[in-house]
Each structure stands twice: as C-alpha cells, then as structure tokens.
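Trainee: coords_36.tsv is the file, holding TSV, C-alpha atoms and all ligand atoms:
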chain	number	residue	atom	x	y	z
A	1	MET	CA	113.19	52.80	121.46
A	2	SER	CA	111.66	56.23	121.54
A	3	LYS	CA	108.57	57.00	119.52
A	4	SER	CA	110.44	59.43	117.28
A	5	ILE	CA	113.01	56.79	116.27
A	6	VAL	CA	110.28	54.31	115.42
A	7	PHE	CA	108.58	57.01	113.41
A	8	LEU	CA	111.85	57.82	111.57
A	9	ILE	CA	112.45	54.15	110.69
A	10	ILE	CA	108.92	53.76	109.33
A	11	PHE	CA	109.15	57.05	107.46
A	12	SER	CA	112.50	56.23	105.80
A	13	THR	CA	111.30	52.73	104.87
A	14	ILE	CA	108.30	54.23	103.13
A	15	ILE	CA	110.47	56.81	101.32
A	16	SER	CA	113.01	54.21	100.15
A	17	PHE	CA	110.19	51.99	98.93
A	18	PHE	CA	108.88	54.78	96.72
A	19	LEU	CA	112.38	55.74	95.53
A	20	LYS	CA	113.08	52.18	94.46
A	21	ASP	CA	109.78	52.04	92.63
A	22	ASN	CA	110.50	55.29	90.83
A	23	GLU	CA	113.95	54.07	89.93
A	24	LYS	CA	112.46	50.90	88.51
A	25	ILE	CA	110.07	52.86	86.29
A	26	GLU	CA	112.87	55.18	85.17
A	27	ASN	CA	115.07	52.21	84.24
A	28	LYS	CA	112.27	50.72	82.19
A	29	GLU	CA	111.74	54.00	80.36
A	30	ASN	CA	115.46	54.20	79.60
A	31	GLN	CA	115.41	50.64	78.40
A	32	TYR	CA	112.58	51.40	75.97
A	33	SER	CA	113.88	54.81	74.94
A	34	ASN	CA	117.35	53.60	74.01
A	35	ILE	CA	115.97	50.96	71.75
A	36	ASP	CA	117.81	50.17	68.54
A	37	LYS	CA	116.34	51.31	65.24
A	38	ASN	CA	116.32	47.73	63.90
A	39	TYR	CA	114.04	46.71	66.77
A	40	LEU	CA	111.48	49.35	65.77
A	41	LEU	CA	111.57	48.04	62.19
A	42	GLY	CA	111.08	44.41	63.23
A	43	LYS	CA	114.58	43.46	62.18
A	44	VAL	CA	115.19	41.20	65.17
A	45	LYS	CA	114.92	37.49	65.88
A	46	ALA	CA	112.39	37.11	68.67
A	47	HIS	CA	113.58	33.62	69.63
A	48	GLU	CA	117.11	34.98	70.25
A	49	ASP	CA	116.17	38.37	71.71
A	50	THR	CA	115.83	38.77	75.50
A	51	MET	CA	113.08	41.36	74.97
A	52	PHE	CA	110.66	38.61	73.89
A	53	LEU	CA	109.02	35.63	75.52
A	54	LYS	CA	107.21	32.67	74.07
A	55	ILE	CA	103.48	32.72	74.73
A	56	PRO	CA	102.25	29.42	76.21
A	57	GLN	CA	100.85	27.40	73.28
A	58	LYS	CA	97.43	26.91	74.89
A	59	LEU	CA	96.88	30.69	74.63
A	60	CYS	CA	97.68	30.79	70.91
A	61	LEU	CA	95.13	30.00	68.25
A	62	LYS	CA	97.63	28.56	65.80
A	63	ARG	CA	101.41	28.43	66.06
A	64	THR	CA	103.30	29.61	69.14
A	65	GLU	CA	103.77	33.36	69.15
A	66	TYR	CA	106.35	35.64	70.75
A	67	ILE	CA	105.44	38.72	72.77
A	68	HIS	CA	107.26	41.54	74.60
A	69	LYS	CA	108.40	40.25	78.00
A	70	ASP	CA	106.75	43.17	79.86
A	71	VAL	CA	103.44	42.62	78.10
A	72	LEU	CA	102.98	38.89	78.76
A	73	PRO	CA	102.14	39.17	82.50
A	74	HIS	CA	99.46	41.79	81.79
A	75	TYR	CA	97.98	39.77	78.96
A	76	LEU	CA	97.87	36.71	81.24
A	77	LYS	CA	95.98	38.67	83.90
A	78	MET	CA	93.47	39.88	81.32
A	79	TYR	CA	93.14	36.39	79.85
A	80	GLN	CA	92.36	34.88	83.24
A	81	GLU	CA	89.80	37.54	84.07
A	82	ALA	CA	88.05	37.05	80.72
A	83	GLU	CA	88.09	33.29	81.22
A	84	LYS	CA	85.97	33.73	84.36
A	85	GLN	CA	83.28	35.22	82.11
A	86	GLY	CA	83.54	32.32	79.66
A	87	ILE	CA	85.56	34.35	77.15
A	88	ASN	CA	88.59	32.76	75.54
A	89	LEU	CA	90.98	35.57	74.57
A	90	LYS	CA	93.30	33.49	72.41
A	91	ILE	CA	96.07	35.18	70.45
A	92	VAL	CA	95.99	34.98	66.68
A	93	SER	CA	99.18	36.96	66.19
A	94	ALA	CA	101.63	38.87	68.39
A	95	PHE	CA	105.24	39.74	67.44
A	96	ARG	CA	105.81	39.86	63.71
A	97	SER	CA	109.24	40.42	62.17
A	98	PHE	CA	109.95	42.64	59.18
A	99	ASP	CA	110.35	39.48	57.09
A	100	SER	CA	107.02	37.96	58.08
A	101	GLN	CA	105.26	41.28	57.44
A	102	LYS	CA	107.04	41.40	54.08
A	103	TRP	CA	105.75	37.92	53.28
A	104	ILE	CA	102.16	39.01	54.07
A	105	TRP	CA	102.58	42.23	52.09
A	106	ASN	CA	104.18	40.75	48.98
A	107	ASN	CA	101.52	38.01	48.92
A	108	LYS	CA	98.78	40.62	48.72
A	109	PHE	CA	100.64	42.76	46.18
A	110	TYR	CA	100.04	42.31	42.49
A	111	GLU	CA	101.31	44.13	39.41
A	112	SER	CA	98.92	46.73	38.06
A	113	GLN	CA	98.88	49.92	36.00
A	114	ASN	CA	97.90	51.72	39.15
A	115	LYS	CA	100.17	50.56	41.96
A	116	ILE	CA	98.79	53.17	44.37
A	117	ASP	CA	95.34	51.56	44.16
A	118	VAL	CA	96.83	48.15	44.91
A	119	ILE	CA	98.74	49.52	47.89
A	120	LEU	CA	95.72	51.37	49.30
A	121	LYS	CA	93.73	48.13	49.13
A	122	ILE	CA	96.39	46.25	51.10
A	123	LEU	CA	96.62	49.11	53.58
A	124	LYS	CA	93.00	48.65	54.62
A	125	TYR	CA	94.15	45.94	57.02
A	126	SER	CA	97.88	45.32	56.52
A	127	ALA	CA	100.86	47.50	57.36
A	128	MET	CA	103.84	48.16	55.16
A	129	PRO	CA	106.82	46.15	56.45
A	130	GLY	CA	108.78	48.34	58.86
A	131	SER	CA	105.67	50.27	59.91
A	132	SER	CA	103.75	47.62	61.86
A	133	ARG	CA	103.19	47.86	65.60
A	134	HIS	CA	103.46	44.06	65.64
A	135	HIS	CA	107.22	44.55	65.19
A	136	TRP	CA	107.44	45.81	68.77
A	137	GLY	CA	105.86	42.78	70.47
A	138	THR	CA	103.48	45.11	72.31
A	139	ASP	CA	100.50	44.55	70.04
A	140	ILE	CA	98.30	41.48	69.71
A	141	ASP	CA	95.52	40.29	67.44
A	142	LEU	CA	92.91	38.55	69.57
A	143	LEU	CA	90.15	36.03	68.87
A	144	SER	CA	89.96	36.24	65.06
A	145	THR	CA	90.97	38.57	62.25
A	146	GLN	CA	87.74	37.83	60.34
A	147	LEU	CA	85.18	40.63	60.39
A	148	SER	CA	82.37	38.05	60.36
A	149	TYR	CA	83.52	36.59	63.71
A	150	PHE	CA	82.73	39.90	65.42
A	151	GLU	CA	79.15	39.64	64.20
A	152	THR	CA	78.58	36.28	65.92
A	153	ASN	CA	77.17	36.15	69.47
A	154	GLU	CA	80.50	34.88	70.75
A	155	GLY	CA	82.41	37.64	68.94
A	156	ILE	CA	80.09	40.40	70.13
A	157	LYS	CA	80.29	39.18	73.74
A	158	ALA	CA	84.10	39.00	73.65
A	159	TYR	CA	84.51	42.40	71.96
A	160	ASN	CA	82.13	44.08	74.41
A	161	TRP	CA	84.06	42.55	77.28
A	162	LEU	CA	87.31	43.94	75.85
A	163	CYS	CA	85.81	47.41	75.40
A	164	GLU	CA	84.68	47.42	79.02
A	165	ASN	CA	87.71	45.81	80.66
A	166	ALA	CA	90.88	45.84	78.53
A	167	ASN	CA	91.87	49.39	79.49
A	168	ASN	CA	92.06	48.28	83.15
A	169	PHE	CA	94.86	45.90	82.15
A	170	GLY	CA	96.67	48.50	79.99
A	171	PHE	CA	95.32	47.27	76.64
A	172	TYR	CA	93.74	49.59	74.08
A	173	GLN	CA	92.15	49.08	70.69
A	174	VAL	CA	94.46	50.80	68.20
A	175	TYR	CA	92.50	51.06	64.97
A	176	THR	CA	89.03	52.32	65.77
A	177	ASN	CA	88.91	54.33	62.55
A	178	LYS	CA	88.51	57.43	64.66
A	179	PRO	CA	89.51	60.03	63.35
A	180	TYR	CA	88.75	58.17	60.10
A	181	ILE	CA	92.17	58.01	58.51
A	182	GLY	CA	94.53	55.14	57.84
A	183	TYR	CA	93.54	51.53	58.49
A	184	TYR	CA	89.97	50.30	58.70
A	185	GLU	CA	88.60	49.42	62.12
A	186	GLU	CA	90.21	46.31	63.65
A	187	LYS	CA	88.30	44.92	66.60
A	188	TRP	CA	90.99	42.29	67.09
A	189	HIS	CA	94.09	44.50	67.35
A	190	TRP	CA	95.01	45.62	70.89
A	191	THR	CA	98.14	47.28	72.21
A	192	TYR	CA	99.72	47.28	75.65
A	193	LEU	CA	99.97	51.06	75.86
A	194	PRO	CA	102.32	51.52	78.88
A	195	VAL	CA	105.15	50.00	76.79
A	196	ALA	CA	104.02	50.73	73.22
A	197	LYS	CA	103.79	54.47	73.82
A	198	PHE	CA	107.59	54.64	74.27
A	199	TYR	CA	108.19	52.78	71.02
A	200	LEU	CA	105.85	55.09	69.13
A	201	GLU	CA	107.83	58.07	70.45
A	202	GLU	CA	111.08	56.42	69.40
A	203	TYR	CA	109.63	55.58	66.01
A	204	LYS	CA	108.87	59.25	65.47
A	205	LYS	CA	112.42	60.22	66.46
A	206	GLN	CA	114.40	57.53	64.69
A	207	ILE	CA	112.57	56.27	61.60
A	208	SER	CA	112.46	58.09	58.27
A	209	TYR	CA	111.13	57.19	54.81
A	210	GLU	CA	114.61	55.98	53.81
A	211	ASP	CA	114.04	53.10	56.28
A	212	ILE	CA	110.84	51.94	54.56
A	213	LYS	CA	112.24	49.81	51.76
A	214	ASP	CA	112.91	46.30	50.40
A	215	PHE	CA	109.38	45.23	49.52
A	216	GLN	CA	106.99	45.67	46.58
A	217	GLY	CA	105.71	49.22	46.20
A	218	SER	CA	107.87	50.61	49.04
A	219	GLU	CA	108.75	53.58	46.81
A	220	PHE	CA	105.21	54.93	47.38
A	221	ALA	CA	105.45	55.07	51.19
A	222	LYS	CA	106.27	58.78	51.29
A	223	GLU	CA	103.71	59.81	48.70
A	224	LEU	CA	101.03	57.96	50.65
A	225	ASN	CA	102.00	59.58	53.92
A	226	ILE	CA	102.40	56.24	55.66
A	227	PHE	CA	103.73	57.73	58.90
A	228	GLU	CA	101.11	60.38	59.34
A	229	LYS	CA	98.11	58.42	58.10
A	230	TYR	CA	98.90	54.90	59.32
A	231	VAL	CA	101.59	54.84	62.03
A	232	PHE	CA	100.06	57.87	63.76
A	233	GLY	CA	96.53	57.35	62.43
A	234	ILE	CA	95.49	55.61	65.63
A	235	ASP	CA	92.79	56.17	68.21
A	236	SER	CA	93.25	59.48	70.03
A	237	LEU	CA	93.10	57.67	73.39
A	238	LEU	CA	96.57	56.31	72.63
A	239	PHE	CA	98.10	59.77	72.75
A	240	LYS	CA	96.92	60.54	76.28
A	301	ZN	ZN	97.21	43.42	64.27
Would you encode the structure as structure tokens?

Mentor:
Amino acid sequence: MSKSIVFLIIFSTIISFFLKDNEKIENKENQYSNIDKNYLLGKVKAHEDTMFLKIPQKLCLKRTEYIHKDVLPHYLKMYQEAEKQGINLKIVSAFRSFDSQKWIWNNKFYESQNKIDVILKILKYSAMPGSSRHHWGTDIDLLSTQLSYFETNEGIKAYNWLCENANNFGFYQVYTNKPYIGYYEEKWHWTYLPVAKFYLEEYKKQISYEDIKDFQGSEFAKELNIFEKYVFGIDSLLFK
C-alpha cells in the first residue's frame, strides 16, 4: 500500500471520528431543546420516565433519589474522586417533582395578613413549585441542607473540596448569592451545567407566569418577579 493511501485512511478515520462525536453532541442538544413543557415544570414521573435513573442507595443520605441519566455518570466520577480524599458526597435530594415541591411549599406556607412576607420567607431557601431546578434532575443537594453543617470541620473540608474540584466534573454551585438577589446562599445545591444550561434556555422560551399555579400564594409569582429574581438569579458563572 502506498504511503498516500495509508495517510488517506488514517486521515478519513480521524475525520469520521470527529464527525460522529459532533453528531452525538448535536443529538443531545436536540434532545434537551425539544423537551416538553411539563418536564420543565416537574410534571413527570421519574420512575416511569427514561430521562431519569435511580441513584444507588448507598450514595443517598435518606431515601433513594432519581437523577437525570446524563448527570449520574459525572456525579459518580466526582463522588469517587472525593472519596479518595475522605469526603463522602452523599445526595440529600436530586429530582423533585412539582407535587413534592408543592408539598414542601404548602407545608411552609401559613395564612397571614401579609402573604407577600410569608412567601418571601419561604423563598429564602425554597422554590415555588414549577420554578425549581430540581424538577430537571440536573441539580443535587449534597451533604446536608443545614447551614450549621457547613460550619463543622467536616462541612468546611467538603465544601472547600467542592469549590476547588466540582467545576472539573461539570458541577457548579447555583445559589452563591452573587449578585445578591433571589435565594440565600446554598452551599449544598450544585448543578450539572452542561445539561442544565439547555433546560434554563428552554425554561425562558416556554414557561410563563400562567404556568406557575396550583399552590398557596401562586397568584403573587408575577408581582414578586419569580423568574427574574429566582430562576435567573443564579451565579453569573452559570451564564458563561
Ligand atoms: Zn437544592
């Protein structure tokens, strides 16, 4: 075989490899971009939906959680790497449906003369049903959702490890309270950005205030600027 033929074969193999890879990425983007509105609002059943996988129980702090199928392998890689440093990155919460968010929300809600005050209190740490990133399966609460845990030696060590390493696995802290709007800082809430960024774009395109309904105080969503302040009130690194 002449040298030029060998060269051609190698060259075309390399090109086809890259084409296939590009195709794969494009297919994924299409898959995320054509997502149904109900998915974005958490109105799906994770145990019946092929988009979700069960997280192995030993990685969950309490009950078994569901997570986006394209996020699980990256979380596992991060978990194993952290484990080598003696850090146990257990999941407190991953996918949450509209109904489970509604349960959390309505439990925190109470009747008052000033409903806005009540809602703003809940919104320090909890999302209105239909506006939570947990609906997408791309976001996880790690370690503990208690502020005090992150003041313990174990909590500080784990959080520092996440700050230094999580980005390398595609995970980003969402609520850093920079630029100081929306939710308070949550050291436990991390998103797998390569997938979540598509859902945030879709959310912007598809969801309107008419979709934020069926829970206590939902009529105040627009007045409180939920989309601008909370859904898009996230760390600026997430818009890169
Ligand atoms: Zn969370």

Trainee: Using all atoms listed in the file, what table do you get, as a Markdown table, when you list each residue of chain A with an atom no more than 12 Å from ligand ZN 301 (chain A), its nearest pair of atoms, and their distance in Å rounded to one decimal, rows by chain then rising number?

Mentor:
| residue | atom | partner | partner_atom | distance |
| --- | --- | --- | --- | --- |
| A:Ile91 | CA | A:ZN301 | ZN | 10.4 |
| A:Val92 | CA | A:ZN301 | ZN | 8.9 |
| A:Ser93 | CA | A:ZN301 | ZN | 7.0 |
| A:Ala94 | CA | A:ZN301 | ZN | 7.6 |
| A:Phe95 | CA | A:ZN301 | ZN | 9.4 |
| A:Arg96 | CA | A:ZN301 | ZN | 9.3 |
| A:Gln101 | CA | A:ZN301 | ZN | 10.8 |
| A:Lys124 | CA | A:ZN301 | ZN | 11.8 |
| A:Tyr125 | CA | A:ZN301 | ZN | 8.3 |
| A:Ser126 | CA | A:ZN301 | ZN | 8.0 |
| A:Ala127 | CA | A:ZN301 | ZN | 8.8 |
| A:Ser131 | CA | A:ZN301 | ZN | 11.7 |
| A:Ser132 | CA | A:ZN301 | ZN | 8.1 |
| A:Arg133 | CA | A:ZN301 | ZN | 7.6 |
| A:His134 | CA | A:ZN301 | ZN | 6.4 |
| A:His135 | CA | A:ZN301 | ZN | 10.1 |
| A:Trp136 | CA | A:ZN301 | ZN | 11.4 |
| A:Gly137 | CA | A:ZN301 | ZN | 10.7 |
| A:Thr138 | CA | A:ZN301 | ZN | 10.3 |
| A:Asp139 | CA | A:ZN301 | ZN | 6.7 |
| A:Ile140 | CA | A:ZN301 | ZN | 5.9 |
| A:Asp141 | CA | A:ZN301 | ZN | 4.8 |
| A:Leu142 | CA | A:ZN301 | ZN | 8.4 |
| A:Leu143 | CA | A:ZN301 | ZN | 11.2 |
| A:Ser144 | CA | A:ZN301 | ZN | 10.2 |
| A:Thr145 | CA | A:ZN301 | ZN | 8.2 |
| A:Gln146 | CA | A:ZN301 | ZN | 11.7 |
| A:Gln173 | CA | A:ZN301 | ZN | 9.9 |
| A:Val174 | CA | A:ZN301 | ZN | 8.8 |
| A:Tyr175 | CA | A:ZN301 | ZN | 9.0 |
| A:Tyr183 | CA | A:ZN301 | ZN | 10.6 |
| A:Tyr184 | CA | A:ZN301 | ZN | 11.4 |
| A:Glu185 | CA | A:ZN301 | ZN | 10.7 |
| A:Glu186 | CA | A:ZN301 | ZN | 7.6 |
| A:Lys187 | CA | A:ZN301 | ZN | 9.3 |
| A:Trp188 | CA | A:ZN301 | ZN | 6.9 |
| A:His189 | CA | A:ZN301 | ZN | 4.5 |
| A:Trp190 | CA | A:ZN301 | ZN | 7.3 |
| A:Thr191 | CA | A:ZN301 | ZN | 8.9 |

Trainee: Any idea what's packed within 12 Å of Asn38 in chain A, counting only C-alpha atoms, ignoring anything in its chain fewer than 4 positions away? Could you give it as number ranges by chain?

Mentor: A: 34, 42-45, 97-98, 130-131, 135-136, 199, 202-203, 206-207, 211-212

Trainee: Take the residues that were just selected and, keeping C-alpha atoms, output them as a compact mmCIF listing (two decimals), in the frame of the given file.

Mentor:
# COMPACT_ATOMS: atom_id res chain seq x y z
CA ASN A 34 117.35 53.60 74.01
CA GLY A 42 111.08 44.41 63.23
CA LYS A 43 114.58 43.46 62.18
CA VAL A 44 115.19 41.20 65.17
CA LYS A 45 114.92 37.49 65.88
CA SER A 97 109.24 40.42 62.17
CA PHE A 98 109.95 42.64 59.18
CA GLY A 130 108.78 48.34 58.86
CA SER A 131 105.67 50.27 59.91
CA HIS A 135 107.22 44.55 65.19
CA TRP A 136 107.44 45.81 68.77
CA TYR A 199 108.19 52.78 71.02
CA GLU A 202 111.08 56.42 69.40
CA TYR A 203 109.63 55.58 66.01
CA GLN A 206 114.40 57.53 64.69
CA ILE A 207 112.57 56.27 61.60
CA ASP A 211 114.04 53.10 56.28
CA ILE A 212 110.84 51.94 54.56

Trainee: Please return as a VMD selection string every residue within 10 Å of (102.4, 44.8, 46.0), taking into account all atoms listed in the file and the file's own coordinates.

Mentor: chain A and resid 102 104 to 112 115 to 122 128 215 to 218

Trainee: Please determine, counting only C-alpha atoms, which residue among A:Tyr172, A:Tyr66, A:Tyr149, A:Tyr209 has the shortest atom-to-atom distance to His47 in chain A.

Mentor: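 Using only C-alpha atoms, the shortest distance to His47 in chain A belongs to A:Tyr66.
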
Trainee: Would you mind reading off the distance between CA of Glu81 in chain A and CA of Ala158 in chain A, one decimal, in Å?

Mentor: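 About the pair CA of Glu81 in chain A and CA of Ala158 in chain A: they are 12.0 Å apart.
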
Trainee: As an exercise, work out the distance from CA of Val231 in chain A to CA of Glu219 in chain A in Å and give it to one decimal place.

Mentor: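 If I compute the distance from CA of Val231 in chain A to CA of Glu219 in chain A, I get 16.9 Å.
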
Trainee: Suppose you want the space between CA of Val71 in chain A and CA of Glu154 in chain A; what is it in Å?

Mentor: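 Separation of CA of Val71 in chain A and CA of Glu154 in chain A: 25.3 Å.
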
Trainee: Compare A:Ala196, A:Gln80, A:Leu238, A:Cys163 by their minimum atom-to-atom distance to His68 in chain A, counting only C-alpha atoms, and give me the closest one.

Mentor: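 Checking each candidate against His68 in chain A, we get A:Ala196 as the closest.
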
Trainee: For Lys205 in chain A, list every protein, DNA or RNA residue within 12 Å, evaluated using all atoms listed in the file, and leave out those in the same chain fewer than 3 positions away; present the list as a PyMOL selection string.

Mentor: chain A and resi 33-37+40+198-202+208+227

Trainee: Using all atoms listed in the file, which residues sit within 12 Å of Pro73 in chain A once same-chain residues fewer than 3 positions away are excluded, as a list in words?

Mentor: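 Counting only the stated atoms, we get Leu53, Lys54, Ile55, Pro56, Ile67, His68, Lys69, Asp70, Leu76, Lys77, Met78, Tyr79, Gln80, Thr138, Phe169, Gly170 and Tyr192 of chain A.
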